[in-house]
Every structure is written in structure tokens, then in C-alpha cells.
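Read through the structure below, which is laid out as C-alpha cells, and then see the notes.
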Amino acid sequence: MNPTKTFILTINGGSSSIKFSLYEAGDPLLRVVKGEIERIGLPGSIMHINCLNPEESITRSVMAPNQKTAVSELLDWLETRIECKAIGVVGHRVVHGGPKYSTAQRITPDFIQDLRQLSPFDPDHLPAELLLIEAFIQRFPNLPQVACFDTAFHHDLPRVAQLIPIPRRYEKQGVRRYGFHGISYQFLMEELAKLTGAKASQGLVILAHLGSGASLAAVKGGKPIDTSMGFTPTSGLPMSTRSGDLDPGLVWYLASTEKMSAKQFNEMVNFQSGLIGISEISSDMRDLLDCEAEDSRAAEAVAYFCYQTKKWIGAFTAALGGWIHWFSLAA
């Protein structure tokens, strides 16, 4: 790579993967590398690197028993490709900004401490994201880092859409509906404005983020008024391994009949439910579509996902007060 250029590195750290892209700064930005380390903590961890020059792209096995080892693999590879001083800034996707953060933040020691206090809001993602941030600080202490929040897009939902109907005292602890996938939704709104014009994008819009994690958002006048996910990313639509909305009475029922602990329940609704729970075959919609004609479990999982998505679209149509002008989808 040209050592005289300045680059921007973006990081999207999940519980079992790290996705990253390297951009050459300019107008417009030019993405020169896109990559992913997947299956972190599982056998067969792999790093995929796609470069502008296909001959430089690689796919190879890596040792990634945990996030710390995985990010070391990424940083080692970066150092072989580009001088560290050529990276101008690192941008991190952070799942949760809590009630405090609604705009991108420069990462400082005080900010990291705030994120630690937010970790109970999303124990499946925030600790891993903190580990990534701190790994960069340790390797490149003078490199500026910025956090962008998945909750920021929904930060100013109408009051009625923020409330959770449990005793009001919990709201003082930050218990409210937050919503997620906000970075994806912000991108969709910007693209919608480019394609349809600013006036049309200011109308009634339903946005859908349908992937391994799935959610919907209702937007009016360019501002979100509701979203399917709530206090955690587990709620709302059924997903690959997350349950989506459930009857809360299940907690007591399973605790009584199976002695299921809170930790076990959390594990079940986040990693053993949704498409994999209903189908018992796969958490990947593509796999289920391939075998739905032969396997009734796969067919039921697909039908349930489509039915619930249709219900949410209908509910948001009502919340928006009429016919939808635009429906925008991200996978």
C-alpha cells in the first residue's frame, strides 16, 4: 500500500467474529481491504481478507480461542501490510451507548470506564468490544479511536416507545427500550435519500435489518418513532438463535419445572432459540429454505419468521398512522 496515504480502519466486533475494513481517506472513501475473523472460540477459526487486488486476498486458518488472540492475529496482519502511522483513526461499532451516549465519542479512559459500567446491559457483546478497544490501545497507544453506537439512532424515541411496563424505579437504572442496528438504519436512511430525494425519505418509512440478528424500525419525518428490539437485542423479531419476544411467564415456568437458572435461560433465548430452536436444523435461513420442502421443522421456522415479520410491519404501519411510502431492507 502507498505509505504516503492516510487510512481509516473500521472494526465491528461480535461475540464470535471480528469484521473489519480499511479505507483510503479521500472524497469519496476507497475501501481497499475487507476482512473477517470468524468462529472465534470455536474449532476451525478462519481469517478472510479481500483486497482490491484479488491476488493479495487470503483465506487461512488462525488460532482464535478468544477475542484477545483473534485481535492479535488481525493486528499482526495489519502491521505486515501497512505502517501503523498511516492509519489516521480507528472506528469501532459499539452495541450499546446506554442512556448517556447518542453521538460518536472519542475513546478516553473515562469513556472506557463508562462502557464497563454498561456491560450488564449487554454482557454478550460489550465485554468483547471493550477487549478490542483495549488491544488497540495497548498496541498503538497514540492512535485515535472513536466509538459509534448501535443504539444512537433510536436514542430519542418518543416517550411512549421508550417505556417498559415494570415498576418505574427501574428506569433510574437505565432500564428502557433502546433499540439496536442503528448504524445500519442510519446508512439506509442516507441511501434512501440519495435514491428517492430528501423529501420522499422524510415521509413514512419502515426499515428492516434482516440477517442473523433481525429488527425493524418505523421512521417518520426522518426520525425513528419505534423499533422492534427493546432493552436488549434479544427482543422483537425471531432471529437465527435469539427468541425474539416471549411470554415472561416462561421464566418462572422453566425455573419451576426444570430448575432453569437465569443464566441458563439467558443462554437459551440468545443462542438456542429462534430459527435453530424451531427447526433443530440450522440457524441460517438459506439452509432452511433449501430443505423446507422435505422437512416440516424447517418449513415451520421459515413460516414463523415471515409471519412475525409481517405482524411487525402491520403494527408499525398503524403506529405511523397510514400507508407506508417506503420500505427499505438491509441484510
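Ordering of the C-alpha cells sets the chain letters (A, B, ...), residue numbers begin anew at 1 in every chain, and ligands are numbered from 1 in the order given.
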All residues 10 Å or closer to Ser201 (chain A), only C-alpha atoms, same chain fewer than 3 positions away omitted, as an NGL selection string
:A and (189-198 or 204-205 or 219-222 or 325-326)
Could you write those residues out with N, CA, C and O atoms, as an mmCIF file, in the first residue's frame?
data_model
loop_
_atom_site.group_PDB
_atom_site.id
_atom_site.type_symbol
_atom_site.label_atom_id
_atom_site.label_comp_id
_atom_site.auth_asym_id
_atom_site.auth_seq_id
_atom_site.Cartn_x
_atom_site.Cartn_y
_atom_site.Cartn_z
ATOM 1 N N MET A 189 -31.162 5.149 5.751
ATOM 2 C CA MET A 189 -31.837 6.435 5.564
ATOM 3 C C MET A 189 -31.046 7.342 4.626
ATOM 4 O O MET A 189 -31.627 8.047 3.789
ATOM 5 N N GLU A 190 -29.734 7.322 4.753
ATOM 6 C CA GLU A 190 -28.904 8.141 3.861
ATOM 7 C C GLU A 190 -29.013 7.653 2.417
ATOM 8 O O GLU A 190 -29.115 8.457 1.485
ATOM 9 N N GLU A 191 -28.993 6.326 2.232
ATOM 10 C CA GLU A 191 -29.128 5.780 0.885
ATOM 11 C C GLU A 191 -30.511 6.038 0.307
ATOM 12 O O GLU A 191 -30.663 6.321 -0.891
ATOM 13 N N LEU A 192 -31.532 5.967 1.161
ATOM 14 C CA LEU A 192 -32.892 6.233 0.703
ATOM 15 C C LEU A 192 -33.023 7.660 0.200
ATOM 16 O O LEU A 192 -33.670 7.926 -0.833
ATOM 17 N N ALA A 193 -32.400 8.595 0.908
ATOM 18 C CA ALA A 193 -32.439 10.000 0.482
ATOM 19 C C ALA A 193 -31.736 10.182 -0.861
ATOM 20 O O ALA A 193 -32.195 10.967 -1.712
ATOM 21 N N LYS A 194 -30.638 9.458 -1.073
ATOM 22 C CA LYS A 194 -29.931 9.545 -2.351
ATOM 23 C C LYS A 194 -30.782 9.016 -3.496
ATOM 24 O O LYS A 194 -30.799 9.579 -4.599
ATOM 25 N N LEU A 195 -31.496 7.918 -3.226
ATOM 26 C CA LEU A 195 -32.247 7.255 -4.289
ATOM 27 C C LEU A 195 -33.587 7.923 -4.579
ATOM 28 O O LEU A 195 -34.058 7.915 -5.721
ATOM 29 N N THR A 196 -34.229 8.460 -3.535
ATOM 30 C CA THR A 196 -35.600 8.960 -3.691
ATOM 31 C C THR A 196 -35.730 10.466 -3.526
ATOM 32 O O THR A 196 -36.787 11.016 -3.832
ATOM 33 N N GLY A 197 -34.666 11.089 -3.035
ATOM 34 C CA GLY A 197 -34.740 12.514 -2.747
ATOM 35 C C GLY A 197 -35.067 12.745 -1.276
ATOM 36 O O GLY A 197 -35.721 11.919 -0.631
ATOM 37 N N ALA A 198 -34.610 13.854 -0.764
ATOM 38 C CA ALA A 198 -34.763 14.151 0.663
ATOM 39 C C ALA A 198 -36.230 14.224 1.073
ATOM 40 O O ALA A 198 -36.606 13.760 2.147
ATOM 41 N N LEU A 204 -43.195 8.471 5.492
ATOM 42 C CA LEU A 204 -43.414 7.324 6.361
ATOM 43 C C LEU A 204 -42.596 6.148 5.839
ATOM 44 O O LEU A 204 -42.786 5.713 4.693
ATOM 45 N N VAL A 205 -41.687 5.648 6.661
ATOM 46 C CA VAL A 205 -40.727 4.639 6.207
ATOM 47 C C VAL A 205 -40.658 3.509 7.227
ATOM 48 O O VAL A 205 -40.650 3.752 8.436
ATOM 49 N N VAL A 219 -39.999 4.964 10.882
ATOM 50 C CA VAL A 219 -39.400 6.292 10.794
ATOM 51 C C VAL A 219 -40.413 7.271 10.194
ATOM 52 O O VAL A 219 -41.058 6.964 9.186
ATOM 53 N N LYS A 220 -40.553 8.414 10.815
ATOM 54 C CA LYS A 220 -41.476 9.451 10.354
ATOM 55 C C LYS A 220 -40.765 10.794 10.380
ATOM 56 O O LYS A 220 -40.193 11.177 11.397
ATOM 57 N N GLY A 221 -40.774 11.482 9.245
ATOM 58 C CA GLY A 221 -40.079 12.762 9.176
ATOM 59 C C GLY A 221 -38.590 12.631 9.412
ATOM 60 O O GLY A 221 -37.947 13.542 9.944
ATOM 61 N N GLY A 222 -38.022 11.483 9.024
ATOM 62 C CA GLY A 222 -36.594 11.264 9.190
ATOM 63 C C GLY A 222 -36.183 10.843 10.585
ATOM 64 O O GLY A 222 -34.994 10.610 10.829
ATOM 65 N N HIS A 325 -44.849 4.995 2.701
ATOM 66 C CA HIS A 325 -44.323 5.493 1.442
ATOM 67 C C HIS A 325 -43.149 4.650 0.948
ATOM 68 O O HIS A 325 -42.990 4.415 -0.235
ATOM 69 N N TRP A 326 -42.307 4.207 1.905
ATOM 70 C CA TRP A 326 -41.104 3.482 1.517
ATOM 71 C C TRP A 326 -40.834 2.352 2.492
ATOM 72 O O TRP A 326 -41.019 2.490 3.685
#
So that I can see what lies close to region 165-167 of chain A, please list as a PyMOL selection string the residues with an atom at most 10 Å from it, counting only C-alpha atoms and leaving out residues fewer than 4 positions away in the same chain.
chain A and resi 171+175-176
Please produce a file of the residues just selected, as an mmCIF file, in the first residue's frame, where the atoms kept are all heavy atoms.
data_model
loop_
_atom_site.group_PDB
_atom_site.id
_atom_site.type_symbol
_atom_site.label_atom_id
_atom_site.label_comp_id
_atom_site.auth_asym_id
_atom_site.auth_seq_id
_atom_site.Cartn_x
_atom_site.Cartn_y
_atom_site.Cartn_z
ATOM 1 N N GLU A 171 -36.344 2.471 35.871
ATOM 2 C CA GLU A 171 -35.926 3.408 34.830
ATOM 3 C C GLU A 171 -34.725 4.225 35.287
ATOM 4 O O GLU A 171 -33.890 4.627 34.473
ATOM 5 C CB GLU A 171 -37.088 4.330 34.447
ATOM 6 C CG GLU A 171 -36.793 5.156 33.209
ATOM 7 C CD GLU A 171 -38.000 5.959 32.765
ATOM 8 O OE1 GLU A 171 -38.965 6.079 33.541
ATOM 9 O OE2 GLU A 171 -37.979 6.478 31.642
ATOM 10 N N VAL A 175 -33.133 1.227 32.704
ATOM 11 C CA VAL A 175 -33.963 0.202 32.068
ATOM 12 C C VAL A 175 -35.047 0.892 31.246
ATOM 13 O O VAL A 175 -35.991 1.488 31.782
ATOM 14 C CB VAL A 175 -34.593 -0.736 33.114
ATOM 15 C CG1 VAL A 175 -35.494 -1.762 32.424
ATOM 16 C CG2 VAL A 175 -33.501 -1.451 33.904
ATOM 17 N N ARG A 176 -34.903 0.831 29.938
ATOM 18 C CA ARG A 176 -35.855 1.409 28.988
ATOM 19 C C ARG A 176 -35.653 0.700 27.651
ATOM 20 O O ARG A 176 -34.765 -0.134 27.507
ATOM 21 C CB ARG A 176 -35.627 2.915 28.817
ATOM 22 C CG ARG A 176 -34.171 3.293 28.520
ATOM 23 C CD ARG A 176 -34.003 4.608 27.812
ATOM 24 N NE ARG A 176 -34.258 4.480 26.382
ATOM 25 C CZ ARG A 176 -33.932 5.421 25.490
ATOM 26 N NH1 ARG A 176 -33.368 6.550 25.884
ATOM 27 N NH2 ARG A 176 -34.170 5.245 24.200
#
Who sits within 10 Å of Arg297 (chain A), only C-alpha atoms, same chain under 3 positions skipped, as a ChimeraX atom specification
/A:275-281,288,291-294,300-303
Using all heavy atoms, can you export the residues from the last selection as a compact mmCIF listing (two decimals), in the first residue's frame?
# COMPACT_ATOMS: atom_id res chain seq x y z
N LEU A 275 -34.57 -19.44 14.87
CA LEU A 275 -34.62 -20.41 13.77
C LEU A 275 -34.03 -21.76 14.17
O LEU A 275 -34.58 -22.81 13.81
CB LEU A 275 -33.87 -19.85 12.55
CG LEU A 275 -34.43 -18.58 11.92
CD1 LEU A 275 -33.57 -18.16 10.73
CD2 LEU A 275 -35.88 -18.76 11.49
N ILE A 276 -32.93 -21.75 14.91
CA ILE A 276 -32.33 -23.02 15.30
C ILE A 276 -33.21 -23.74 16.31
O ILE A 276 -33.31 -24.97 16.30
CB ILE A 276 -30.90 -22.82 15.85
CG1 ILE A 276 -30.22 -24.17 16.10
CG2 ILE A 276 -30.90 -22.01 17.14
CD1 ILE A 276 -29.99 -24.99 14.88
N GLY A 277 -33.88 -22.99 17.18
CA GLY A 277 -34.74 -23.62 18.17
C GLY A 277 -35.94 -24.31 17.55
O GLY A 277 -36.29 -25.44 17.93
N ILE A 278 -36.60 -23.64 16.60
CA ILE A 278 -37.79 -24.21 15.97
C ILE A 278 -37.42 -25.32 14.99
O ILE A 278 -38.06 -26.37 14.95
CB ILE A 278 -38.60 -23.12 15.26
CG1 ILE A 278 -39.15 -22.11 16.27
CG2 ILE A 278 -39.75 -23.72 14.44
CD1 ILE A 278 -39.89 -20.94 15.65
N SER A 279 -36.37 -25.09 14.20
CA SER A 279 -36.05 -26.05 13.14
C SER A 279 -35.24 -27.24 13.63
O SER A 279 -35.34 -28.35 13.06
CB SER A 279 -35.26 -25.36 12.03
OG SER A 279 -33.93 -25.07 12.45
N GLU A 280 -34.41 -27.04 14.64
CA GLU A 280 -33.47 -28.06 15.11
C GLU A 280 -32.51 -28.49 14.00
O GLU A 280 -31.89 -29.55 14.08
CB GLU A 280 -34.20 -29.29 15.67
CG GLU A 280 -35.11 -28.97 16.84
CD GLU A 280 -35.82 -30.19 17.39
OE1 GLU A 280 -36.25 -31.04 16.57
OE2 GLU A 280 -35.94 -30.31 18.61
N ILE A 281 -32.39 -27.65 12.96
CA ILE A 281 -31.55 -27.99 11.81
C ILE A 281 -30.42 -26.99 11.64
O ILE A 281 -29.24 -27.34 11.61
CB ILE A 281 -32.39 -28.03 10.51
CG1 ILE A 281 -33.47 -29.09 10.61
CG2 ILE A 281 -31.50 -28.25 9.29
CD1 ILE A 281 -34.50 -29.00 9.50
N LEU A 288 -32.40 -23.43 5.71
CA LEU A 288 -33.80 -23.80 5.94
C LEU A 288 -34.62 -23.73 4.66
O LEU A 288 -35.47 -24.59 4.41
CB LEU A 288 -34.42 -22.90 7.01
CG LEU A 288 -33.72 -22.94 8.39
CD1 LEU A 288 -34.41 -21.99 9.35
CD2 LEU A 288 -33.71 -24.36 8.95
N CYS A 291 -34.21 -26.82 2.50
CA CYS A 291 -34.79 -28.11 2.89
C CYS A 291 -36.23 -28.00 3.40
O CYS A 291 -36.77 -28.98 3.92
CB CYS A 291 -33.92 -28.79 3.94
SG CYS A 291 -33.78 -27.92 5.51
N GLU A 292 -36.86 -26.81 3.25
CA GLU A 292 -38.21 -26.66 3.79
C GLU A 292 -39.23 -27.57 3.11
O GLU A 292 -40.22 -27.97 3.72
CB GLU A 292 -38.67 -25.21 3.73
CG GLU A 292 -38.87 -24.65 2.33
CD GLU A 292 -39.49 -23.25 2.37
OE1 GLU A 292 -40.25 -22.96 3.31
OE2 GLU A 292 -39.21 -22.46 1.45
N ALA A 293 -38.99 -27.92 1.83
CA ALA A 293 -39.95 -28.78 1.13
C ALA A 293 -39.93 -30.20 1.68
O ALA A 293 -40.94 -30.91 1.60
CB ALA A 293 -39.63 -28.79 -0.37
N GLU A 294 -38.79 -30.63 2.26
CA GLU A 294 -38.66 -32.01 2.75
C GLU A 294 -38.78 -32.12 4.26
O GLU A 294 -39.01 -33.22 4.78
CB GLU A 294 -37.31 -32.61 2.32
CG GLU A 294 -37.13 -32.82 0.83
CD GLU A 294 -36.76 -31.54 0.10
OE1 GLU A 294 -36.11 -30.68 0.73
OE2 GLU A 294 -37.15 -31.40 -1.08
N GLU A 300 -41.68 -24.79 9.16
CA GLU A 300 -42.32 -24.05 10.25
C GLU A 300 -41.45 -22.88 10.71
O GLU A 300 -41.97 -21.80 11.04
CB GLU A 300 -42.61 -24.98 11.42
CG GLU A 300 -43.79 -25.90 11.17
CD GLU A 300 -44.12 -26.77 12.37
OE1 GLU A 300 -43.31 -26.83 13.31
OE2 GLU A 300 -45.21 -27.38 12.35
N ALA A 301 -40.13 -23.07 10.75
CA ALA A 301 -39.24 -21.99 11.15
C ALA A 301 -39.31 -20.83 10.16
O ALA A 301 -39.38 -19.65 10.56
CB ALA A 301 -37.80 -22.50 11.27
N VAL A 302 -39.31 -21.14 8.87
CA VAL A 302 -39.42 -20.10 7.84
C VAL A 302 -40.76 -19.38 7.94
O VAL A 302 -40.84 -18.16 7.90
CB VAL A 302 -39.22 -20.71 6.43
CG1 VAL A 302 -39.52 -19.67 5.35
CG2 VAL A 302 -37.80 -21.25 6.27
N ALA A 303 -41.83 -20.17 8.08
CA ALA A 303 -43.17 -19.59 8.16
C ALA A 303 -43.32 -18.70 9.40
O ALA A 303 -43.92 -17.62 9.33
CB ALA A 303 -44.23 -20.69 8.17
Nearby residues (only C-alpha atoms) at most 12 Å from region 255-272 of chain A, same-chain spacing under 4 positions excluded, as a ChimeraX atom specification:
/A:15-16,122-125,212-213,232-235,238-251,276-283
Same residues, N, CA, C and O atoms, saved as a compact mmCIF listing (two decimals), in the first residue's frame:
# COMPACT_ATOMS: atom_id res chain seq x y z
N SER A 15 -19.50 -11.38 19.30
CA SER A 15 -19.13 -12.37 20.31
C SER A 15 -18.31 -13.51 19.72
O SER A 15 -17.53 -14.15 20.42
N SER A 16 -18.46 -13.78 18.40
CA SER A 16 -17.72 -14.88 17.79
C SER A 16 -17.03 -14.48 16.49
O SER A 16 -16.56 -15.33 15.74
N ASP A 122 -25.49 -5.44 28.10
CA ASP A 122 -25.31 -6.41 27.02
C ASP A 122 -24.03 -7.21 27.27
O ASP A 122 -22.98 -6.95 26.68
N PRO A 123 -24.12 -8.20 28.17
CA PRO A 123 -22.92 -8.97 28.53
C PRO A 123 -22.40 -9.86 27.42
O PRO A 123 -21.28 -10.36 27.51
N ASP A 124 -23.20 -10.07 26.37
CA ASP A 124 -22.76 -10.92 25.27
C ASP A 124 -21.90 -10.17 24.25
O ASP A 124 -21.21 -10.80 23.44
N HIS A 125 -21.95 -8.82 24.25
CA HIS A 125 -21.23 -8.06 23.24
C HIS A 125 -20.26 -7.03 23.82
O HIS A 125 -19.12 -6.92 23.35
N SER A 212 -28.65 -12.40 10.62
CA SER A 212 -28.58 -13.27 11.79
C SER A 212 -29.29 -12.63 12.97
O SER A 212 -30.04 -13.27 13.70
N GLY A 213 -29.06 -11.34 13.15
CA GLY A 213 -29.88 -10.52 14.03
C GLY A 213 -30.90 -9.81 13.18
O GLY A 213 -30.61 -9.41 12.05
N THR A 232 -32.76 -5.13 25.26
CA THR A 232 -31.65 -5.93 24.75
C THR A 232 -31.93 -6.33 23.30
O THR A 232 -33.07 -6.27 22.84
N PRO A 233 -30.91 -6.80 22.59
CA PRO A 233 -31.12 -7.27 21.21
C PRO A 233 -31.87 -8.58 21.12
O PRO A 233 -32.13 -9.07 20.01
N THR A 234 -32.23 -9.19 22.26
CA THR A 234 -32.93 -10.47 22.23
C THR A 234 -34.39 -10.31 21.86
O THR A 234 -35.03 -11.26 21.39
N SER A 235 -34.95 -9.13 22.06
CA SER A 235 -36.40 -8.95 21.90
C SER A 235 -36.78 -8.59 20.46
O SER A 235 -35.93 -8.29 19.62
N PRO A 238 -38.11 -12.94 15.83
CA PRO A 238 -37.26 -14.13 15.98
C PRO A 238 -36.04 -13.98 15.09
O PRO A 238 -36.12 -13.35 14.03
N MET A 239 -34.92 -14.52 15.52
CA MET A 239 -33.67 -14.38 14.77
C MET A 239 -33.02 -15.74 14.59
O MET A 239 -33.63 -16.76 14.84
N SER A 240 -31.77 -15.74 14.15
CA SER A 240 -31.09 -17.01 13.90
C SER A 240 -31.05 -17.89 15.14
O SER A 240 -31.40 -19.06 15.11
N THR A 241 -30.61 -17.30 16.26
CA THR A 241 -30.53 -18.06 17.50
C THR A 241 -31.21 -17.36 18.67
O THR A 241 -31.28 -17.91 19.76
N ARG A 242 -31.72 -16.14 18.46
CA ARG A 242 -32.43 -15.41 19.51
C ARG A 242 -33.93 -15.62 19.37
O ARG A 242 -34.46 -15.70 18.26
N SER A 243 -34.60 -15.64 20.50
CA SER A 243 -36.02 -15.97 20.51
C SER A 243 -36.91 -14.86 19.96
O SER A 243 -37.97 -15.12 19.40
N GLY A 244 -36.50 -13.59 20.13
CA GLY A 244 -37.45 -12.51 19.94
C GLY A 244 -38.39 -12.45 21.13
O GLY A 244 -38.12 -13.03 22.20
N ASP A 245 -39.52 -11.77 20.98
CA ASP A 245 -40.44 -11.58 22.11
C ASP A 245 -40.98 -12.90 22.64
O ASP A 245 -41.32 -13.80 21.87
N LEU A 246 -41.05 -12.99 23.97
CA LEU A 246 -41.56 -14.18 24.65
C LEU A 246 -42.51 -13.77 25.77
O LEU A 246 -42.45 -12.65 26.27
N ASP A 247 -43.35 -14.71 26.17
CA ASP A 247 -44.15 -14.54 27.38
C ASP A 247 -43.20 -14.59 28.58
O ASP A 247 -42.51 -15.59 28.80
N PRO A 248 -43.13 -13.52 29.39
CA PRO A 248 -42.20 -13.53 30.53
C PRO A 248 -42.51 -14.61 31.56
O PRO A 248 -41.65 -14.99 32.37
N GLY A 249 -43.74 -15.14 31.53
CA GLY A 249 -44.09 -16.23 32.44
C GLY A 249 -43.28 -17.48 32.21
O GLY A 249 -43.21 -18.36 33.08
N LEU A 250 -42.63 -17.59 31.03
CA LEU A 250 -41.77 -18.74 30.76
C LEU A 250 -40.61 -18.83 31.74
O LEU A 250 -40.14 -19.93 32.05
N VAL A 251 -40.13 -17.67 32.23
CA VAL A 251 -39.01 -17.69 33.17
C VAL A 251 -39.38 -18.49 34.41
O VAL A 251 -38.65 -19.39 34.84
N ILE A 276 -32.93 -21.75 14.91
CA ILE A 276 -32.33 -23.02 15.30
C ILE A 276 -33.21 -23.74 16.31
O ILE A 276 -33.31 -24.97 16.30
N GLY A 277 -33.88 -22.99 17.18
CA GLY A 277 -34.74 -23.62 18.17
C GLY A 277 -35.94 -24.31 17.55
O GLY A 277 -36.29 -25.44 17.93
N ILE A 278 -36.60 -23.64 16.60
CA ILE A 278 -37.79 -24.21 15.97
C ILE A 278 -37.42 -25.32 14.99
O ILE A 278 -38.06 -26.37 14.95
N SER A 279 -36.37 -25.09 14.20
CA SER A 279 -36.05 -26.05 13.14
C SER A 279 -35.24 -27.24 13.63
O SER A 279 -35.34 -28.35 13.06
N GLU A 280 -34.41 -27.04 14.64
CA GLU A 280 -33.47 -28.06 15.11
C GLU A 280 -32.51 -28.49 14.00
O GLU A 280 -31.89 -29.55 14.08
N ILE A 281 -32.39 -27.65 12.96
CA ILE A 281 -31.55 -27.99 11.81
C ILE A 281 -30.42 -26.99 11.64
O ILE A 281 -29.24 -27.34 11.61
N SER A 282 -30.78 -25.72 11.53
CA SER A 282 -29.80 -24.69 11.23
C SER A 282 -30.32 -23.33 11.69
O SER A 282 -31.54 -23.10 11.72
N SER A 283 -29.39 -22.42 12.00
CA SER A 283 -29.75 -21.04 12.31
C SER A 283 -29.69 -20.16 11.07
O SER A 283 -29.99 -18.97 11.13
Let me make sure I understand: among A:Leu132, A:Leu320, A:Leu75, A:Ala330, which one has the smallest atom-to-atom distance to His209 (chain A) if we use only C-alpha atoms?
A:Ala330
Please list as a PyMOL selection string every residue within 12 Å of Ala218 (chain A), counting only C-alpha atoms and excluding residues in the same chain fewer than 6 positions away.
chain A and resi 153-154+157-158+161+179+182+185+189+202-209+224-229+312-322+324-328
Using DSSP secondary structure from the backbone, list all alpha helix (DSSP H) positions within region 116-262 of chain A, as a PyMOL selection string.
chain A and resi 116-118+126-139+159-162+182-196+198-201+249-258+262
Restricting the output to C-alpha atoms, write the selected residues as an mmCIF file, in the first residue's frame.
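As a result, out_38.cif now contains:
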data_model
loop_
_atom_site.group_PDB
_atom_site.id
_atom_site.type_symbol
_atom_site.label_atom_id
_atom_site.label_comp_id
_atom_site.auth_asym_id
_atom_site.auth_seq_id
_atom_site.Cartn_x
_atom_site.Cartn_y
_atom_site.Cartn_z
ATOM 1 C CA ARG A 116 -17.528 -1.123 31.769
ATOM 2 C CA GLN A 117 -20.471 0.102 33.830
ATOM 3 C CA LEU A 118 -22.753 -0.527 30.834
ATOM 4 C CA LEU A 126 -19.853 -5.153 25.287
ATOM 5 C CA PRO A 127 -17.027 -7.070 27.059
ATOM 6 C CA ALA A 128 -15.728 -8.330 23.701
ATOM 7 C CA GLU A 129 -15.911 -4.825 22.223
ATOM 8 C CA LEU A 130 -14.011 -3.416 25.201
ATOM 9 C CA LEU A 131 -11.331 -6.050 24.727
ATOM 10 C CA LEU A 132 -10.885 -4.979 21.091
ATOM 11 C CA ILE A 133 -10.587 -1.317 22.027
ATOM 12 C CA GLU A 134 -8.031 -2.032 24.733
ATOM 13 C CA ALA A 135 -5.998 -4.297 22.443
ATOM 14 C CA PHE A 136 -5.609 -1.397 20.002
ATOM 15 C CA ILE A 137 -4.654 0.954 22.822
ATOM 16 C CA GLN A 138 -2.003 -1.472 24.038
ATOM 17 C CA ARG A 139 -0.514 -1.981 20.568
ATOM 18 C CA ARG A 159 -41.521 8.674 25.372
ATOM 19 C CA VAL A 160 -44.316 6.146 24.838
ATOM 20 C CA ALA A 161 -41.950 3.985 22.761
ATOM 21 C CA GLN A 162 -39.201 4.127 25.401
ATOM 22 C CA GLY A 182 -28.896 1.887 14.450
ATOM 23 C CA ILE A 183 -25.749 2.235 12.350
ATOM 24 C CA SER A 184 -27.362 0.071 9.674
ATOM 25 C CA TYR A 185 -30.566 2.122 9.834
ATOM 26 C CA GLN A 186 -28.709 5.413 9.580
ATOM 27 C CA PHE A 187 -26.987 4.130 6.450
ATOM 28 C CA LEU A 188 -30.317 3.011 4.982
ATOM 29 C CA MET A 189 -31.837 6.435 5.564
ATOM 30 C CA GLU A 190 -28.904 8.141 3.861
ATOM 31 C CA GLU A 191 -29.128 5.780 0.885
ATOM 32 C CA LEU A 192 -32.892 6.233 0.703
ATOM 33 C CA ALA A 193 -32.439 10.000 0.482
ATOM 34 C CA LYS A 194 -29.931 9.545 -2.351
ATOM 35 C CA LEU A 195 -32.247 7.255 -4.289
ATOM 36 C CA THR A 196 -35.600 8.960 -3.691
ATOM 37 C CA ALA A 198 -34.763 14.151 0.663
ATOM 38 C CA LYS A 199 -38.486 14.937 0.582
ATOM 39 C CA ALA A 200 -39.562 11.339 -0.014
ATOM 40 C CA SER A 201 -37.238 9.989 2.681
ATOM 41 C CA GLY A 249 -44.088 -16.225 32.436
ATOM 42 C CA LEU A 250 -41.770 -18.743 30.760
ATOM 43 C CA VAL A 251 -39.008 -17.687 33.169
ATOM 44 C CA TRP A 252 -40.973 -18.870 36.203
ATOM 45 C CA TYR A 253 -42.354 -21.937 34.431
ATOM 46 C CA LEU A 254 -38.917 -23.228 33.402
ATOM 47 C CA ALA A 255 -37.406 -22.325 36.764
ATOM 48 C CA SER A 256 -40.160 -24.347 38.453
ATOM 49 C CA THR A 257 -40.277 -27.364 36.142
ATOM 50 C CA GLU A 258 -36.620 -27.674 35.081
ATOM 51 C CA ALA A 262 -31.346 -17.068 34.984
#
Quick one: residues within 7 Å of Ile49 (chain A), only C-alpha atoms counted, chain neighbours fewer than 4 positions away excluded, as JSON, numbers by chain?
{"A": [33, 34, 35, 36, 57, 58, 59]}
Give the answer as one residue: which of A:Tyr178, A:Tyr304, A:Phe140, A:Tyr170 has the shortest atom-to-atom distance to His155 (chain A), using only C-alpha atoms?
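Nearest candidate to His155 (chain A) out of A:Tyr178, A:Tyr304, A:Phe140, A:Tyr170: A:Tyr178.
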Interface rows for region 81-136 of chain A against region 148-151 of chain A: nearest pair, Å to one decimal, 12 Å, only C-alpha atoms, as a tab-separated table:
residue	atom	partner	partner_atom	distance
A:Val90	CA	A:Cys148	CA	10.7
A:Gly91	CA	A:Cys148	CA	7.2
A:His92	CA	A:Cys148	CA	6.1
A:Arg93	CA	A:Cys148	CA	5.2
A:Val94	CA	A:Phe149	CA	4.9
A:Val95	CA	A:Asp150	CA	4.9
A:His96	CA	A:Thr151	CA	5.6
A:Gly97	CA	A:Phe149	CA	5.7
A:Gly98	CA	A:Thr151	CA	7.5
A:Pro99	CA	A:Thr151	CA	9.2
A:Lys100	CA	A:Thr151	CA	10.5
A:Tyr101	CA	A:Phe149	CA	7.8
A:Ser102	CA	A:Phe149	CA	7.2
A:Thr103	CA	A:Cys148	CA	7.0
A:Ala104	CA	A:Cys148	CA	4.6
A:Gln105	CA	A:Cys148	CA	6.8
A:Arg106	CA	A:Cys148	CA	9.3
A:Ile107	CA	A:Cys148	CA	10.2
A:Leu115	CA	A:Phe149	CA	11.3
A:Phe121	CA	A:Thr151	CA	11.8
A:Asp122	CA	A:Thr151	CA	11.7
A:His125	CA	A:Asp150	CA	11.6
A:Leu126	CA	A:Phe149	CA	11.1
A:Glu129	CA	A:Phe149	CA	11.4
Two-atom distance - CA of Lys311 (chain A), CA of Leu216 (chain A) (Å):
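The value is 11.0 Å.
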Between CA of Asn53 (chain A) and CA of Gln67 (chain A), what is the distance, to one decimal in Å?
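Computing the Euclidean distance for CA of Asn53 (chain A) and CA of Gln67 (chain A) yields 28.2 Å.
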Quick one: distance from CA of Gln145 (chain A) to CA of Val89 (chain A) in Å, one decimal?
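Separation between CA of Gln145 (chain A) and CA of Val89 (chain A): 5.7 Å.
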Enumerate, as a VMD selection string, the complete set of residues in region 216-328 of chain A that a backbone-based DSSP assignment places in strand (DSSP E or B).
chain A and resid 216 to 220 223 to 227 326 to 328
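Nearest-residue note for Leu30 (chain A): choosing from A:His48, A:Arg60, A:Lys5, A:His181, the minimum distance belongs to A:Lys5, counting only C-alpha atoms.
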